[in-house]
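What's in input_13.cif: mmCIF, C-alpha atoms
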```cif
data_upload
#
loop_
_atom_site.label_atom_id
_atom_site.label_comp_id
_atom_site.auth_asym_id
_atom_site.auth_seq_id
_atom_site.Cartn_x
_atom_site.Cartn_y
_atom_site.Cartn_z
CA MET H 1 190.42 154.18 87.94
CA ARG H 2 187.50 156.38 86.90
CA LYS H 3 189.58 157.73 84.03
CA TYR H 4 190.42 154.19 82.94
CA ILE H 5 186.79 153.07 83.00
CA THR H 6 185.63 156.20 81.11
CA SER H 7 188.37 155.77 78.47
CA LEU H 8 187.54 152.09 78.10
CA TRP H 9 183.82 152.83 77.68
CA GLU H 10 184.54 155.48 75.06
CA HIS H 11 186.99 153.25 73.23
CA SER H 12 185.18 149.91 73.31
CA LYS H 13 181.72 149.13 74.63
CA ILE H 14 182.34 145.38 74.25
CA ALA H 15 185.52 145.49 76.38
CA SER H 16 183.66 147.52 79.01
CA ILE H 17 180.81 145.01 79.13
CA LEU H 18 183.32 142.15 79.45
CA LEU H 19 184.97 144.01 82.32
CA GLY H 20 181.55 144.44 83.97
CA ILE H 21 180.81 140.71 83.60
CA PHE H 22 184.22 139.91 85.07
CA VAL H 23 183.62 142.11 88.14
CA VAL H 24 180.09 140.78 88.77
CA GLY H 25 181.27 137.19 88.17
CA GLN H 26 184.18 137.67 90.53
CA VAL H 27 181.99 139.01 93.34
CA PHE H 28 179.43 136.21 92.85
CA LEU H 29 181.99 133.39 92.69
CA SER H 30 184.00 134.70 95.64
CA TYR H 31 180.76 134.90 97.64
CA LYS H 32 179.87 131.33 96.64
CA GLY H 33 183.47 130.10 97.06
CA ILE H 34 183.37 128.39 93.66
CA GLU H 35 186.44 127.86 91.49
CA ILE H 36 185.20 128.19 87.95
CA THR H 37 188.25 129.21 85.91
CA PRO H 38 191.90 129.88 86.74
CA TRP H 39 191.34 133.57 85.98
CA LEU H 40 188.98 134.21 88.82
CA HIS H 41 190.24 132.29 91.79
CA TRP H 42 193.19 133.45 93.91
CA GLY H 43 192.24 131.93 97.25
CA MET H 44 195.28 129.70 97.72
CA TYR H 45 196.59 129.30 101.28
CA SER H 46 193.44 130.91 102.68
CA LYS H 47 192.06 127.60 103.97
CA ALA H 48 193.77 125.07 106.21
CA ASP H 49 192.81 122.28 108.56
CA THR H 50 194.41 123.43 111.83
CA GLN H 51 193.14 120.38 113.72
CA LYS H 52 194.85 117.87 111.45
CA LYS H 53 197.26 115.60 113.32
CA ALA H 54 198.32 113.14 110.63
CA PHE H 55 199.62 114.03 107.16
CA THR H 56 199.85 111.75 104.18
CA ILE H 57 202.16 111.77 101.19
CA TYR H 58 203.15 109.20 98.59
CA ARG H 59 206.60 107.72 98.36
CA ILE H 60 208.00 106.48 95.10
CA GLU H 61 210.58 103.73 94.82
CA ALA H 62 212.21 103.06 91.49
CA ASP H 63 213.85 99.61 91.31
CA GLY H 64 213.96 99.52 95.11
CA GLU H 65 215.58 102.98 95.44
CA ARG H 66 213.63 105.81 97.02
CA VAL H 67 213.08 108.74 94.62
CA LEU H 68 214.16 111.92 96.40
CA LEU H 69 211.90 114.67 95.09
CA SER H 70 214.13 117.34 96.60
CA ASN H 71 216.66 116.54 93.83
CA PHE H 72 214.34 118.06 91.21
CA ASN H 73 213.22 121.58 90.37
CA ASP H 74 209.61 122.75 91.00
CA LEU H 75 208.39 121.90 87.53
CA GLN H 76 209.98 118.46 87.45
CA ARG H 77 208.62 117.71 90.93
CA GLU H 78 205.16 118.65 89.71
CA CYS H 79 205.53 116.34 86.69
CA ILE H 80 206.78 113.44 88.83
CA TYR H 81 204.63 113.69 91.94
CA SER H 82 201.23 115.14 91.03
CA PRO H 83 200.22 112.56 88.37
CA LEU H 84 201.18 109.72 90.71
CA GLU H 85 199.32 111.30 93.62
CA HIS H 86 196.17 111.52 91.50
CA TYR H 87 196.68 107.98 90.21
CA ALA H 88 196.99 106.70 93.78
CA TYR H 89 193.75 108.49 94.66
CA LEU H 90 192.01 106.79 91.72
CA ILE H 91 193.30 103.35 92.73
CA GLU H 92 192.08 103.84 96.27
CA ASN H 93 188.67 105.04 95.06
CA ASN H 94 187.90 102.51 92.31
CA PHE H 95 188.77 105.03 89.61
CA LYS H 96 186.14 107.48 90.71
CA GLU H 97 187.20 111.12 90.32
CA PRO H 98 186.93 113.30 93.46
CA TYR H 99 184.34 115.58 91.82
CA GLU H 100 182.10 112.92 90.25
CA ASP H 101 179.61 112.85 93.11
CA TYR H 102 179.35 116.63 93.00
CA TYR H 103 178.46 116.60 89.30
CA ILE H 104 176.03 113.76 89.66
CA SER H 105 174.30 115.66 92.48
CA LYS H 106 174.14 118.83 90.33
CA ILE H 107 173.41 117.62 86.79
CA GLY H 108 172.63 113.94 87.25
CA THR H 109 175.55 112.64 85.18
CA VAL H 110 179.21 113.07 84.29
CA THR H 111 180.54 113.23 80.76
CA LYS H 112 182.87 110.35 79.95
CA SER H 113 185.25 112.63 78.07
CA PHE H 114 186.74 113.96 81.28
CA THR H 115 186.45 110.99 83.58
CA VAL H 116 188.94 108.17 83.85
CA GLU H 117 188.30 104.49 83.38
CA GLN H 118 190.22 101.64 84.92
CA ALA H 119 191.08 100.32 81.46
CA ILE H 120 193.77 102.96 81.06
CA GLU H 121 195.62 101.87 84.20
CA GLU H 122 198.17 99.92 82.19
CA GLN H 123 198.67 102.80 79.75
CA PHE H 124 199.33 105.16 82.65
CA GLN H 125 201.85 102.78 84.24
CA LYS H 126 203.73 102.44 80.97
CA TRP H 127 203.77 106.23 80.44
CA TYR H 128 204.81 106.96 84.01
CA LYS H 129 207.68 104.47 83.90
CA LYS H 130 208.93 106.13 80.73
CA ARG H 131 208.65 109.61 82.30
CA LEU H 132 210.41 108.61 85.51
CA SER H 133 213.19 106.88 83.54
CA ALA H 134 213.75 110.15 81.66
CA TYR H 135 213.90 112.21 84.86
CA LEU H 136 216.21 109.75 86.60
CA ASN H 137 218.37 109.28 83.50
CA ASN H 138 218.14 105.57 84.03
CA GLU H 139 215.73 102.95 82.75
CA VAL H 140 213.24 102.14 85.50
CA LYS H 141 211.99 98.55 85.46
CA SER H 142 209.66 98.61 88.45
CA ILE H 143 207.98 101.24 90.56
CA ALA H 144 206.59 100.80 94.07
CA LEU H 145 204.09 103.36 95.30
CA TYR H 146 203.69 103.78 99.06
CA LYS H 147 201.25 105.86 101.07
CA VAL H 148 203.14 107.21 104.05
CA ARG H 149 201.62 108.79 107.14
CA TYR H 150 203.52 111.42 109.12
CA LYS H 151 202.97 113.35 112.30
CA TYR H 152 204.84 116.42 113.49
CA GLU H 153 206.89 116.45 116.70
CA ASN H 154 208.54 119.77 117.62
CA GLY H 155 208.34 120.89 114.03
CA ARG H 156 209.93 117.71 112.67
CA ALA H 157 208.10 115.32 110.38
CA VAL H 158 208.11 111.85 111.91
CA GLU H 159 207.05 108.83 109.88
CA GLU H 160 204.24 106.85 111.53
CA LYS H 161 203.47 104.11 109.05
CA GLN H 162 203.63 103.24 105.39
CA LYS H 163 201.41 101.13 103.18
CA LEU H 164 202.24 99.69 99.80
CA ILE H 165 199.61 100.88 97.31
CA GLN H 166 200.88 99.24 94.14
CA THR H 167 203.91 97.96 92.30
CA PHE H 168 204.10 98.07 88.55
CA MET N 1 205.28 155.69 85.15
CA ARG N 2 207.92 155.71 82.41
CA LYS N 3 206.88 155.68 78.79
CA LEU N 4 208.73 153.11 76.73
CA ASP N 5 208.64 152.16 73.08
CA ALA N 6 206.04 149.41 72.63
CA TYR N 7 208.43 147.36 70.50
CA ILE N 8 211.11 147.39 73.21
CA LEU N 9 208.50 146.30 75.74
CA LYS N 10 207.32 143.58 73.40
CA ARG N 11 210.88 142.28 73.00
CA MET N 12 211.30 142.26 76.80
CA VAL N 13 208.05 140.32 77.31
CA PHE N 14 208.68 137.74 74.59
CA SER N 15 212.32 137.25 75.63
CA PHE N 16 210.99 136.44 79.09
CA ILE N 17 208.48 134.00 77.53
CA LEU N 18 211.27 132.35 75.54
CA LEU N 19 213.32 132.02 78.71
CA ASP N 20 210.35 130.42 80.45
CA LEU N 21 209.89 127.99 77.54
CA ALA N 22 213.59 127.11 77.75
CA TYR N 23 213.15 126.36 81.46
CA ARG N 24 210.16 124.16 80.58
CA TYR N 25 212.09 122.45 77.78
CA PHE N 26 215.03 121.59 80.05
CA SER N 27 212.61 120.44 82.77
CA SER N 28 211.02 118.03 80.24
CA ALA N 29 207.69 119.79 80.70
CA LEU N 30 206.73 120.49 77.09
CA PHE N 31 204.19 118.34 75.26
CA HIS N 32 206.68 116.24 73.29
CA ASP N 33 207.98 114.98 76.64
CA LEU N 34 204.58 114.50 78.24
CA SER N 35 203.10 112.68 75.23
CA GLY N 36 201.28 109.49 76.05
CA ALA N 37 199.78 110.86 79.27
CA VAL N 38 196.31 109.40 79.77
CA ILE N 39 194.94 110.61 83.09
CA PRO N 40 193.78 114.23 83.11
CA PHE N 41 192.46 116.10 86.11
CA THR N 42 189.86 118.73 85.33
CA SER N 43 188.66 119.26 88.90
CA LEU N 44 185.53 121.41 89.13
CA ASP N 45 186.97 124.00 86.79
CA LEU N 46 184.51 124.63 83.94
CA LEU N 47 187.22 125.90 81.60
CA TYR N 48 189.21 122.67 81.95
CA ILE N 49 186.05 120.58 81.57
CA GLY N 50 185.13 122.51 78.43
CA PHE N 51 188.56 121.83 76.93
CA HIS N 52 188.30 118.11 77.62
CA ILE N 53 184.78 117.84 76.25
CA LEU N 54 186.10 119.36 73.01
CA GLY N 55 188.67 116.54 73.03
CA PHE N 56 191.83 118.26 71.82
CA PRO N 57 193.93 118.02 75.04
CA GLN N 58 193.87 114.25 74.50
CA LYS N 59 195.04 114.72 70.89
CA LEU N 60 197.90 117.00 71.98
CA MET N 61 199.23 114.16 74.12
CA THR N 62 199.95 112.09 71.01
CA PRO N 63 203.55 112.33 69.73
CA PRO N 64 203.21 114.04 66.32
CA LEU N 65 200.74 116.71 67.48
CA GLY N 66 202.63 117.35 70.72
CA ILE N 67 205.89 117.99 68.83
CA ILE N 68 204.17 120.25 66.29
CA PHE N 69 202.51 122.20 69.10
CA ASP N 70 205.84 122.72 70.92
CA LEU N 71 207.55 123.88 67.74
CA LEU N 72 204.75 126.33 66.94
CA LEU N 73 204.83 127.69 70.49
CA ILE N 74 208.60 128.27 70.49
CA LEU N 75 208.60 129.62 66.93
CA SER N 76 205.78 132.08 67.64
CA ALA N 77 207.74 133.45 70.63
CA ILE N 78 210.94 133.78 68.56
CA ILE N 79 209.15 135.49 65.65
CA SER N 80 207.48 137.88 68.12
CA ILE N 81 210.94 139.00 69.25
CA PHE N 82 212.53 139.43 65.84
CA LYS N 83 209.52 140.60 63.84
CA VAL N 84 208.02 142.93 66.41
CA GLU N 85 205.77 144.66 63.88
CA TRP N 86 203.95 141.38 63.07
CA ARG N 87 200.94 140.79 65.26
CA TRP N 88 199.79 137.33 64.15
CA PRO N 89 202.69 135.42 65.80
CA THR N 90 202.02 137.38 68.98
CA ILE N 91 198.34 136.42 69.01
CA ALA N 92 199.28 132.82 68.13
CA CYS N 93 201.83 132.72 70.97
CA GLY N 94 199.26 133.99 73.51
CA LEU N 95 196.68 131.46 72.33
CA LEU N 96 199.16 128.57 72.31
CA LEU N 97 200.40 129.49 75.80
CA PHE N 98 196.79 129.49 77.02
CA ILE N 99 196.18 126.02 75.54
CA TYR N 100 199.52 124.85 76.95
CA MET N 101 198.56 125.99 80.45
CA ILE N 102 195.22 124.17 80.46
CA VAL N 103 196.58 120.95 78.93
CA PHE N 104 199.79 120.91 81.00
CA ASN N 105 197.89 121.50 84.25
CA SER N 106 195.35 118.82 83.28
CA TYR N 107 197.95 116.12 82.66
CA THR N 108 200.26 116.98 85.53
CA ASN N 109 197.07 116.88 87.62
CA HIS N 110 197.83 120.16 89.36
CA HIS N 111 196.13 123.43 88.44
CA TYR N 112 198.91 125.92 88.96
CA HIS N 113 198.04 129.44 87.79
CA SER N 114 201.41 131.09 87.49
CA LEU N 115 201.46 130.99 83.65
CA ILE N 116 198.59 133.47 83.62
CA GLY N 117 201.22 136.18 84.12
CA VAL N 118 202.98 135.56 80.80
CA ILE N 119 199.74 134.92 78.91
CA LEU N 120 198.24 138.24 79.99
CA MET N 121 201.40 140.13 79.10
CA THR N 122 201.00 139.10 75.45
CA VAL N 123 197.54 140.73 75.18
CA PRO N 124 198.52 144.44 74.81
CA PHE N 125 200.64 143.52 71.78
CA TYR N 126 197.66 142.07 69.91
CA PHE N 127 196.62 145.65 69.09
CA LYS N 128 197.97 148.10 66.57
CA SER N 129 196.67 151.45 67.84
CA GLU N 130 198.34 153.12 70.80
CA LYS N 131 194.98 153.70 72.48
CA SER N 132 194.01 150.00 72.40
CA MET N 133 197.48 148.94 73.47
CA SER N 134 197.55 151.44 76.32
CA LEU N 135 194.09 150.47 77.57
CA SER N 136 194.87 146.75 77.47
CA TRP N 137 198.20 147.44 79.23
CA GLN N 138 196.26 149.25 81.96
CA SER N 139 193.76 146.37 82.11
CA VAL N 140 196.63 143.94 82.69
CA ARG N 141 197.94 146.24 85.44
CA TYR N 142 194.52 146.26 87.11
CA TYR N 143 194.25 142.50 86.82
CA PHE N 144 197.70 142.16 88.39
CA ILE N 145 196.56 144.32 91.30
CA PHE N 146 193.35 142.31 91.49
CA ILE N 147 195.37 139.07 91.94
CA PHE N 148 196.99 140.43 95.09
CA VAL N 149 193.89 142.15 96.50
CA SER N 150 191.75 139.08 95.79
CA ALA N 151 194.29 136.79 97.50
CA SER N 152 194.24 139.03 100.58
CA LEU N 153 190.44 139.19 100.70
CA TRP N 154 190.14 135.39 100.57
CA LYS N 155 192.47 135.25 103.58
CA LEU N 156 190.42 137.89 105.35
CA PHE N 157 186.93 136.53 104.64
CA ARG N 158 187.88 132.94 105.37
CA GLY N 159 189.22 134.13 108.72
CA ALA N 160 192.71 132.75 108.07
CA ILE N 161 194.47 135.83 109.45
CA PHE N 162 192.59 135.55 112.75
CA ASP N 163 193.48 131.91 113.31
CA GLY N 164 196.80 131.69 115.19
CA ASP N 165 197.53 128.16 113.92
CA HIS N 166 196.71 128.81 110.28
CA MET N 167 200.25 129.30 108.97
CA VAL N 168 201.60 126.33 110.91
CA ALA N 169 198.93 124.13 109.27
CA ILE N 170 199.87 125.55 105.85
CA LEU N 171 203.59 124.97 106.44
CA LYS N 172 203.01 121.38 107.58
CA GLU N 173 201.17 120.57 104.33
CA GLN N 174 203.44 122.61 102.10
CA HIS N 175 206.76 121.20 103.25
CA LEU N 176 205.99 117.60 104.13
CA LEU N 177 207.37 116.27 100.84
CA SER N 178 210.71 118.04 101.30
CA LEU N 179 210.88 117.41 105.08
CA ALA N 180 210.32 113.72 104.37
CA ASP N 181 213.52 113.81 102.29
CA ASN N 182 215.67 116.25 104.29
CA SER N 183 215.51 118.17 107.54
CA ASN N 184 215.19 121.99 107.30
CA VAL N 185 215.98 123.90 110.48
CA PHE N 186 214.27 127.14 109.42
CA ILE N 187 211.00 125.52 108.37
CA GLU N 188 210.98 123.27 111.43
CA TYR N 189 211.49 126.37 113.61
CA LEU N 190 208.50 128.07 111.97
CA ILE N 191 206.32 124.98 112.38
CA SER N 192 207.12 124.78 116.08
CA HIS N 193 206.70 128.56 116.65
CA SER N 194 203.17 129.46 115.61
CA HIS N 195 203.47 133.13 116.66
CA MET N 196 206.41 133.68 114.37
CA SER N 197 204.86 131.86 111.41
CA GLN N 198 201.49 133.60 111.87
CA LEU N 199 203.33 136.94 111.95
CA LEU N 200 204.81 136.08 108.57
CA PHE N 201 201.35 135.15 107.30
CA ILE N 202 199.86 138.46 108.47
CA SER N 203 202.80 140.30 106.87
CA ALA N 204 202.10 138.50 103.58
CA PHE N 205 198.40 139.39 103.89
CA THR N 206 199.27 143.07 104.55
CA CYS N 207 201.67 143.09 101.62
CA GLN N 208 198.95 141.75 99.32
CA PHE N 209 196.20 144.00 100.71
CA LEU N 210 198.31 147.16 100.20
CA PHE N 211 197.94 146.59 96.47
CA VAL N 212 194.42 147.99 96.89
CA PHE N 213 195.97 151.49 96.65
CA GLY N 214 196.99 150.67 93.10
CA LEU N 215 193.30 150.57 92.16
CA PHE N 216 192.93 154.27 92.96
CA SER N 217 196.23 155.80 91.88
CA ARG N 218 199.40 155.06 89.96
CA LYS N 219 201.42 157.20 92.37
CA PHE N 220 202.18 154.17 94.52
CA ASP N 221 203.34 151.89 91.71
CA PHE N 222 207.01 152.04 92.69
CA ILE N 223 206.11 151.08 96.28
CA LEU N 224 203.94 148.25 94.91
CA LEU N 225 206.89 147.03 92.87
CA ILE N 226 209.05 146.91 96.01
CA LEU N 227 206.22 145.07 97.81
CA LEU N 228 206.04 142.61 94.92
CA LEU N 229 209.76 141.87 95.18
CA ILE N 230 209.56 141.47 98.97
CA PHE N 231 206.52 139.20 98.66
CA MET N 232 208.09 137.00 95.97
CA THR N 233 211.37 136.72 97.93
CA MET N 234 209.59 135.80 101.15
CA ASN N 235 207.37 133.36 99.26
CA LEU N 236 210.51 131.66 97.99
CA ILE N 237 212.19 131.54 101.41
CA VAL N 238 209.17 130.50 103.48
CA MET N 239 206.96 128.57 101.07
CA HIS N 240 209.62 127.47 98.56
CA VAL N 241 207.35 128.80 95.82
CA PHE N 242 208.87 130.96 93.12
CA SER N 243 206.11 132.32 90.87
CA PHE N 244 208.53 133.96 88.47
CA GLU N 245 205.99 133.79 85.64
CA LEU N 246 203.78 136.20 87.59
CA MET N 247 206.68 138.60 88.17
CA ILE N 248 206.63 139.72 84.55
CA LEU N 249 203.35 141.50 85.39
CA GLY N 250 205.50 143.88 87.45
CA LEU N 251 206.45 145.58 84.17
CA THR N 252 202.99 147.20 84.16
CA LEU N 253 203.97 149.01 87.36
CA ILE N 254 207.08 150.50 85.76
CA PHE N 255 206.32 151.25 82.11
CA THR N 256 203.55 152.28 79.79
CA PRO N 257 203.85 151.52 76.07
CA ILE N 258 203.99 154.19 73.37
CA VAL N 259 203.88 153.56 69.66
CA ARG N 260 206.55 155.52 67.82
CA LYS N 261 206.38 156.35 64.14
CA ASN N 262 209.97 155.22 63.74
CA PRO N 263 210.25 152.26 66.11
CA VAL N 264 213.58 151.15 67.53
#
```

Would it be possible to restate this file's structure as structure tokens?
Amino acid sequence: MRKYITSLWEHSKIASILLGIFVVGQVFLSYKGIEITPWLHWGMYSKADTQKKAFTIYRIEADGERVLLSNFNDLQRECIYSPLEHYAYLIENNFKEPYEDYYISKIGTVTKSFTVEQAIEEQFQKWYKKRLSAYLNNEVKSIALYKVRYKYENGRAVEEKQKLIQTF
Amino acid sequence: MRKLDAYILKRMVFSFILLDLAYRYFSSALFHDLSGAVIPFTSLDLLYIGFHILGFPQKLMTPPLGIIFDLLLILSAIISIFKVEWRWPTIACGLLLFIYMIVFNSYTNHHYHSLIGVILMTVPFYFKSEKSMSLSWQSVRYYFIFIFVSASLWKLFRGAIFDGDHMVAILKEQHLLSLADNSNVFIEYLISHSHMSQLLFISAFTCQFLFVFGLFSRKFDFILLILLLIFMTMNLIVMHVFSFELMILGLTLIFTPIVRKNPV
């Protein structure tokens, strides 16, 4: 490593300084536990709530038929599930982003360019219906979004209750 | 470490990128398919927030710009394979992939970092001189090692490896979506046997931590490559996560680029 650092310093002072900033930034952010950019944070699966008894997911029904996410590849699943999960969060929290309070507490405001307003609800629904239709290869006329609570019994996921969040 | 013609390495990297783009195309995950998306998720990530303040992720979600972006991205990867001596399509491809990652993650509302692997692998080919290329190749190798060491240190400092129920809690969250659809005997066994699952977690931690040796010497690179393959395979079996876009970084453990006067 010493050889690498010496060669880098001799070859480019700017690159060496950038490397130094990266190392210092990494140590500082890891110490603070802050995720600032995707380049610096590799702490996935290092935190878990071991006391949690109930687990929640969202269930999607397209024209009354349950959408089985296991029928899709990783990327498709991400495109189908994650936007709807975030949308459900927004509905349940009056379209307030999860990090808004944090920003307000730090800088007193949040910039509108990266927050979401309720006015776009209809636009999202239209877009999502189009996306889901494409993934299912079938035109979807209505979508029902359920919040489902599970518990684990001997390793098996057992459904406890479900609540209809929205139909559109 | 084997020396290999830089142009052959470049063709390998960009063929991999093209393959990845094909996977994304057939998964309807390029911008022309996502166009019209209106709800981004920047989280607390300053890079994502910066992008959205500038306003162009929103513009890329409109049909004409999304299609143009996809075409430029695919074309830049193709040109990088067939015109290996040209550097501008290579730089363009790296930049477009970076924008793609931020915008895609924003509008799918999930910040998944796997694409960093392919983006970083484009960097050494931005340079013309062998010295710059070699140093940036080494930098990518160190960053690759850093990913694994960093991931292990987070697990260590957050105390995850000392908590006997940690992996069970992770598995319960990770697999609920699939377990809600279908039963899986292996995963259910791991969830109900915390000793076994925690043993797997500690093995994964050890595997990641051993990459620390790569910071001090290149002698262990072949062993690190084997560890990488074991880790990725186990990650697929236990977590159902296949970070194949990170695997391309493994090339830095095998080869080092050389610039020949008469390239292949």

Closest to chain N among H:Asp63, H:Asp49, H:Glu10, H:Glu122, using all atoms listed in the file?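 So, comparing all the options, the nearest one is H:Asp49.
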
Convert the output of the PyMOL selection byres ((chain H) within 8 of (chain N)) on the shown file into explicit residues, formatted as a PyMOL selection string. chain H and resi 1+4+7-8+11+30+35-39+42-50+52+55+57+68-70+73+75-76+78-79+82-83+86-87+98-99+111+113-114+116+120+123-124+127-128+131+135+152+154-157

Using C-alpha atoms, can you write the selected residues to a file as a PDB file, in the coordinates of the input?
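This is the output file out-v9.pdb:
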```pdb
ATOM      1  CA  MET H   1     190.420 154.180  87.940  1.00  0.00           C
ATOM      2  CA  TYR H   4     190.420 154.190  82.940  1.00  0.00           C
ATOM      3  CA  SER H   7     188.370 155.770  78.470  1.00  0.00           C
ATOM      4  CA  LEU H   8     187.540 152.090  78.100  1.00  0.00           C
ATOM      5  CA  HIS H  11     186.990 153.250  73.230  1.00  0.00           C
ATOM      6  CA  SER H  30     184.000 134.700  95.640  1.00  0.00           C
ATOM      7  CA  GLU H  35     186.440 127.860  91.490  1.00  0.00           C
ATOM      8  CA  ILE H  36     185.200 128.190  87.950  1.00  0.00           C
ATOM      9  CA  THR H  37     188.250 129.210  85.910  1.00  0.00           C
ATOM     10  CA  PRO H  38     191.900 129.880  86.740  1.00  0.00           C
ATOM     11  CA  TRP H  39     191.340 133.570  85.980  1.00  0.00           C
ATOM     12  CA  TRP H  42     193.190 133.450  93.910  1.00  0.00           C
ATOM     13  CA  GLY H  43     192.240 131.930  97.250  1.00  0.00           C
ATOM     14  CA  MET H  44     195.280 129.700  97.720  1.00  0.00           C
ATOM     15  CA  TYR H  45     196.590 129.300 101.280  1.00  0.00           C
ATOM     16  CA  SER H  46     193.440 130.910 102.680  1.00  0.00           C
ATOM     17  CA  LYS H  47     192.060 127.600 103.970  1.00  0.00           C
ATOM     18  CA  ALA H  48     193.770 125.070 106.210  1.00  0.00           C
ATOM     19  CA  ASP H  49     192.810 122.280 108.560  1.00  0.00           C
ATOM     20  CA  THR H  50     194.410 123.430 111.830  1.00  0.00           C
ATOM     21  CA  LYS H  52     194.850 117.870 111.450  1.00  0.00           C
ATOM     22  CA  PHE H  55     199.620 114.030 107.160  1.00  0.00           C
ATOM     23  CA  ILE H  57     202.160 111.770 101.190  1.00  0.00           C
ATOM     24  CA  LEU H  68     214.160 111.920  96.400  1.00  0.00           C
ATOM     25  CA  LEU H  69     211.900 114.670  95.090  1.00  0.00           C
ATOM     26  CA  SER H  70     214.130 117.340  96.600  1.00  0.00           C
ATOM     27  CA  ASN H  73     213.220 121.580  90.370  1.00  0.00           C
ATOM     28  CA  LEU H  75     208.390 121.900  87.530  1.00  0.00           C
ATOM     29  CA  GLN H  76     209.980 118.460  87.450  1.00  0.00           C
ATOM     30  CA  GLU H  78     205.160 118.650  89.710  1.00  0.00           C
ATOM     31  CA  CYS H  79     205.530 116.340  86.690  1.00  0.00           C
ATOM     32  CA  SER H  82     201.230 115.140  91.030  1.00  0.00           C
ATOM     33  CA  PRO H  83     200.220 112.560  88.370  1.00  0.00           C
ATOM     34  CA  HIS H  86     196.170 111.520  91.500  1.00  0.00           C
ATOM     35  CA  TYR H  87     196.680 107.980  90.210  1.00  0.00           C
ATOM     36  CA  PRO H  98     186.930 113.300  93.460  1.00  0.00           C
ATOM     37  CA  TYR H  99     184.340 115.580  91.820  1.00  0.00           C
ATOM     38  CA  THR H 111     180.540 113.230  80.760  1.00  0.00           C
ATOM     39  CA  SER H 113     185.250 112.630  78.070  1.00  0.00           C
ATOM     40  CA  PHE H 114     186.740 113.960  81.280  1.00  0.00           C
ATOM     41  CA  VAL H 116     188.940 108.170  83.850  1.00  0.00           C
ATOM     42  CA  ILE H 120     193.770 102.960  81.060  1.00  0.00           C
ATOM     43  CA  GLN H 123     198.670 102.800  79.750  1.00  0.00           C
ATOM     44  CA  PHE H 124     199.330 105.160  82.650  1.00  0.00           C
ATOM     45  CA  TRP H 127     203.770 106.230  80.440  1.00  0.00           C
ATOM     46  CA  TYR H 128     204.810 106.960  84.010  1.00  0.00           C
ATOM     47  CA  ARG H 131     208.650 109.610  82.300  1.00  0.00           C
ATOM     48  CA  TYR H 135     213.900 112.210  84.860  1.00  0.00           C
ATOM     49  CA  TYR H 152     204.840 116.420 113.490  1.00  0.00           C
ATOM     50  CA  ASN H 154     208.540 119.770 117.620  1.00  0.00           C
ATOM     51  CA  GLY H 155     208.340 120.890 114.030  1.00  0.00           C
ATOM     52  CA  ARG H 156     209.930 117.710 112.670  1.00  0.00           C
ATOM     53  CA  ALA H 157     208.100 115.320 110.380  1.00  0.00           C
TER      54      ALA H 157
END
```

Around region 189-194 of chain N, with edges along x, y and z and 4 Å added on all six sides, what centre and edge lengths do you get, in Å to one decimal, as AutoDock Vina command-line options?
```
--center_x 207.3 --center_y 127.1 --center_z 114.3 --size_x 16.3 --size_y 12.7 --size_z 12.7
```

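The shortest atom-to-atom distance to Phe82 (chain N), with all atoms listed in the file taken into account, belongs to N:Tyr7 out of N:Ile145, N:Glu130, N:Tyr7, N:Gly117.
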
Nearby residues, (201.1, 121.9, 67.5) file frame, 12 Å, all atoms listed in the file, as a PyMOL selection string: chain N and resi 30-32+56-57+59-76+92-93+95-97+99-100

Hey, can you check how far CA of Cys207 (chain N) sits from CA of Leu228 (chain N)?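 Between CA of Cys207 (chain N) and CA of Leu228 (chain N) the gap is 8.0 Å.
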
Can you find the residues with an atom no farther than 8 Å from (202.0, 97.4, 92.7), counting all atoms listed in the file, and report them as a PyMOL selection string? chain H and resi 143-145+164-168
